[in-house]
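Working notes, structure below.
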Amino acid sequence: MIEAKDLTFSYNKEKQALHGLSFTVGDGEIFGFLGPNGSGKSTTQKILTGILKGYGGSVSLFGQEVASARTKDFFQKIGVLFEFPYLYANLSAVENLKYFASFYPKGQARDAIMLLEKLEFKKEFLRKPVSSYSKGMRQRVSMARALISNPKLLFLDEPTSGLDPSGAVLFRRIIEEEREKGTTIFLTTHNMADADLLCDRVAFIANGRIAALDAPKKLKEKNSNRQVVIHYERHGKREEKRIKTSELERELPFFSGEILSVHSQEPTLEDVFIRYTGRGLSE
Amino acid sequence: MNGFSYLLKKDLKMMLSGKFFLLAFLSLVLYSAYINLVYVRLEQGRYPVYVCDPNSRTAANLAYISKAESRRELEKACADRTSVGIDFTAEKSEIYMLSSGSEKTDHYREIWGKAVLTGIENTKTKTVGLYDKEEKSRREITAEFLFFELSAVGFLGLASILFKEKQMGVIRVHGILPVRKSVFILSKLCVFLFSDLLFTALLTGINVGVSDSFMILPAALLQAGILSLIMALIGLICAALLPDFKQFSLFYLVLAVFITTPVFLAGQTGISWKWLRYHPMHHLFTAMKSAYFGASAASVLYYVVCLGAIVLLFCGAVGALRREAAREG
């Protein structure tokens, strides 16, 4: 679906934003693009969505080079959720969706009201102007806007930002449903939980370079110190022991009946990110 | 076409929510009230004329002429450096006046003095031009107000709508929609052009008279259309390129003070600068005025340049919108 090879981009002579990125995203895959602010995430997404021109290397979507594929047909196949909910504040949710849907062929666009229902949008606000909505409601309408055209390739930038925990769970479920339909999803995020729960593969980007690219599980396994922490109780006293997994094969240094809890010391995705890039995601 | 009709509908809603039509209506009421209640009733001041005719050689008894009993009294009356004196003491009549300090004003005073003298001597007048004073005033001020409305006020309309869209971030959304930037601009231009043409027709109908309007409107609508498109496109480019409304306001001030005002001033006061003929707005202003007086002042070159300017500005607007769509959020 997406193939980037030695992708470079400079805003000016002194500021090179991307330094030869290479990655592929397969059909129906959820691909996470993780990096701190200013790492080149947005620039990459803008190139992929055909907004930024003048890049180096090659980027193809749907088997066609993006630079020459920015046609009506290309834009009919993609859907983009921006980091901020960009909507007409003077129009209602339904009016916004009908307006944006009007640019797609009749059979392609989804029903605006059904889509909003799916996103658990409050019915009483359907016809009220967006200016009266909360941040979470705006994010729901924005998601509906990105999905309204039934895109084959969906770009999501911080999809769960501004949502409460139940809203975030709902969005993850909808993203999963989209993938089950065969939609390819390019997810740009700071949110490690989203990346860990949703992505088949993630790429860590820092200073315009890909520092690591693999499935979240594999990245965590690769960077695991293969230790477990066991809490146990002996003679009425709580104790902790850190042992290597290889030691588990041998006899335990205490009775199994004394064990209170066993914690694997697998790193979080954020720990792995810091190991590869030397900085945190929120920096 | 479905997308374009939605674009038109959305732009109309934006104009309505931005109170654009209300402002245009208020302008129409204000201009019309001024023209009908004030401007056409204004009597333009003439230079006072004093006649010294001790031998009663003339029988002139005009309301705007004052009598001076002697040459001394005539000179005293003309000491204000505004009045014009005509002395019939000698066999050959003579115009007497003191310089006002402005060569141009003195020239006009002299022309007026000679005209009065000729009028007294020949007691015959000739009508110059097709229109009476009120007709001329109405056409002149209507053309000027329309030029002002389209160039200075109308310019703000489209820019303010685009600024709103910029603030809402929706221009970025249009960057990934299957719609051309040119169609996005075209829809805005259509709505504003229609609104400006309607304004032109109403302003002309109300202030020049319905029957005369039929003669004027084809040419006036053409000039209004050209001016409306040019100003709307400049407004759109500025709104797309300038980061905030403060900078836009500053630019608007520069545009109003240094670009539109000299042309307006020259048209209103009779001041003439040689460089004005190189000022593009001057040609638009002249063409607008000519349209209201049935004169065909605009040449083919004028229309070619206007068309070229509109095409160039349109391309510039497409580029500016692309830049805005790619801007960092």
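Chain labels follow the order of the structure tokens: the first chain is A, the next B, and so on; residue numbering restarts at 1 in every chain, and ligands are counted from 1 in their shown order.
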
May I have the residues within 9 Å of A:Gln227 as a compact mmCIF listing (two decimals) with C-alpha atoms, in the first residue's frame, using only C-alpha atoms and disregarding those fewer than 6 positions away in the same chain?
```
# COMPACT_ATOMS: atom_id res chain seq x y z
CA ARG A 242 14.81 -10.53 40.97
CA ILE A 243 15.90 -13.57 38.98
CA LYS A 244 16.88 -14.27 35.38
CA THR A 245 14.36 -16.25 33.36
CA SER A 246 16.98 -18.91 32.75
CA HIS A 263 6.17 -9.77 37.35
CA SER A 264 7.95 -10.13 34.06
CA GLN A 265 10.36 -7.25 33.50
CA GLU A 266 9.36 -6.70 29.87
```

Report task. Restrict the distance test to only C-alpha atoms, flag each residue of chain A within 9 Å of chain B, and return the flagged residues as a VMD selection string. Result -> chain A and resid 42 to 43 46 49 to 52 71 to 76 78 to 91 98 to 104

**Report entry** Proximity to A:Gly38 - best of A:Ala112, A:Leu147, A:Ile205, A:Val169, only C-alpha atoms
**Finding:**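 Looking only at the distances to A:Gly38, the closest residue turns out to be A:Ile205.
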
Report task. Compare B:Phe251, B:Phe88, B:Phe145, B:Tyr64 by their minimum atom-to-atom distance to B:Leu203, counting only C-alpha atoms, and give me the closest one. Result -> B:Phe145

Report summary line: Separating atom CA of A:Met114 from atom CA of A:Lys135, to the nearest tenth of an Å, is a gap of 20.6 Å

Query raised in the report: Which polymer residues have any atom within 10 Å of an atom of stretch 221-228 of chain B, counting only C-alpha atoms, with same-chain residues fewer than 6 positions away left out, as a PyMOL selection string?
Result: chain B and resi 143+146-147+149-151+154-155+189+192-201+204+234+281+284-291+298+303+306-307+309-310

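Separating atom CA of B:Lys114 from atom CA of B:Ala77 is a distance of 17.9 Å.
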
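Between atom CA of B:Leu158 and atom CA of B:Ser187 there is a distance of 11.3 Å.
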
Report task. Choose the residue, out of A:Met143, A:Leu187, A:Leu154, A:Leu34, that has the smallest atom-to-atom separation from A:Gly167; count only C-alpha atoms. Result ->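 That would be A:Met143, the residue with the smallest distance to A:Gly167.
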
Report task. List the neighbours of A:Tyr55 out to 12 Å using only C-alpha atoms; skip same-chain residues closer than 4 positions along the sequence, and give me the result as a ChimeraX atom specification. Result -> /A:4-12,16-21,43-44,46-48,50-51,59,65-67

Limited to N, CA, C and O atoms, could you put the picked residues into a file as a compact mmCIF listing (two decimals), in the first residue's frame?
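out35.txt was written with the following content:
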```
# COMPACT_ATOMS: atom_id res chain seq x y z
N ALA A 4 8.01 3.75 0.97
CA ALA A 4 8.90 4.92 0.99
C ALA A 4 10.34 4.44 0.92
O ALA A 4 10.72 3.49 1.62
N LYS A 5 11.10 5.05 0.03
CA LYS A 5 12.50 4.64 -0.14
C LYS A 5 13.40 5.88 -0.13
O LYS A 5 13.20 6.79 -0.94
N ASP A 6 14.30 5.92 0.82
CA ASP A 6 15.26 7.03 0.96
C ASP A 6 14.57 8.39 0.91
O ASP A 6 15.01 9.31 0.21
N LEU A 7 13.49 8.51 1.64
CA LEU A 7 12.70 9.75 1.62
C LEU A 7 13.42 10.88 2.36
O LEU A 7 13.77 10.74 3.53
N THR A 8 13.62 11.97 1.64
CA THR A 8 14.24 13.15 2.27
C THR A 8 13.36 14.36 2.02
O THR A 8 12.61 14.41 1.04
N PHE A 9 13.47 15.34 2.91
CA PHE A 9 12.74 16.59 2.71
C PHE A 9 13.41 17.70 3.50
O PHE A 9 13.82 17.51 4.63
N SER A 10 13.52 18.86 2.87
CA SER A 10 14.08 20.05 3.55
C SER A 10 13.12 21.21 3.40
O SER A 10 12.63 21.48 2.30
N TYR A 11 12.85 21.92 4.51
CA TYR A 11 12.03 23.13 4.44
C TYR A 11 12.86 24.29 3.90
O TYR A 11 12.37 25.15 3.22
N ASN A 12 14.15 24.28 4.25
CA ASN A 12 15.09 25.24 3.66
C ASN A 12 16.48 24.59 3.67
O ASN A 12 16.63 23.46 4.15
N GLN A 16 17.02 20.30 7.36
CA GLN A 16 16.57 19.07 6.70
C GLN A 16 15.67 18.32 7.69
O GLN A 16 16.09 17.95 8.78
N ALA A 17 14.44 18.11 7.28
CA ALA A 17 13.47 17.49 8.19
C ALA A 17 13.52 15.96 8.14
O ALA A 17 13.35 15.31 9.16
N LEU A 18 13.75 15.40 6.97
CA LEU A 18 13.78 13.94 6.83
C LEU A 18 15.11 13.51 6.20
O LEU A 18 15.56 14.10 5.22
N HIS A 19 15.70 12.46 6.78
CA HIS A 19 17.01 12.00 6.30
C HIS A 19 16.94 10.58 5.77
O HIS A 19 17.40 9.65 6.42
N GLY A 20 16.32 10.37 4.65
CA GLY A 20 16.34 9.06 4.01
C GLY A 20 15.52 7.98 4.72
O GLY A 20 16.07 6.95 5.12
N LEU A 21 14.24 8.23 4.88
CA LEU A 21 13.36 7.24 5.52
C LEU A 21 13.00 6.14 4.53
O LEU A 21 12.66 6.43 3.38
N THR A 43 5.65 15.92 8.76
CA THR A 43 6.21 16.13 7.42
C THR A 43 6.01 14.86 6.57
O THR A 43 5.58 14.95 5.42
N THR A 44 6.30 13.70 7.19
CA THR A 44 6.14 12.44 6.46
C THR A 44 4.67 12.25 6.06
O THR A 44 4.37 11.91 4.91
N LYS A 46 2.42 14.52 5.63
CA LYS A 46 2.04 15.49 4.60
C LYS A 46 2.53 15.06 3.22
O LYS A 46 1.87 15.29 2.21
N ILE A 47 3.70 14.44 3.18
CA ILE A 47 4.22 13.95 1.90
C ILE A 47 3.35 12.79 1.42
O ILE A 47 2.94 12.73 0.25
N LEU A 48 3.02 11.89 2.34
CA LEU A 48 2.21 10.73 1.97
C LEU A 48 0.82 11.12 1.51
O LEU A 48 0.25 10.47 0.63
N GLY A 50 0.08 13.82 -0.03
CA GLY A 50 0.16 14.64 -1.24
C GLY A 50 0.11 16.13 -0.98
O GLY A 50 -0.02 16.92 -1.92
N ILE A 51 0.22 16.56 0.28
CA ILE A 51 0.15 18.00 0.57
C ILE A 51 1.49 18.67 0.31
O ILE A 51 1.55 19.77 -0.24
N VAL A 59 8.26 7.82 -2.97
CA VAL A 59 7.14 7.40 -2.11
C VAL A 59 6.01 6.97 -3.03
O VAL A 59 5.57 7.76 -3.87
N GLU A 65 3.69 6.66 -7.76
CA GLU A 65 4.50 7.68 -7.10
C GLU A 65 3.59 8.85 -6.69
O GLU A 65 2.80 9.34 -7.51
N VAL A 66 3.69 9.27 -5.44
CA VAL A 66 2.78 10.30 -4.91
C VAL A 66 2.86 11.60 -5.73
O VAL A 66 1.83 12.23 -6.02
N ALA A 67 4.09 11.99 -6.10
CA ALA A 67 4.27 13.26 -6.82
C ALA A 67 3.42 13.32 -8.09
O ALA A 67 2.94 14.39 -8.47
```
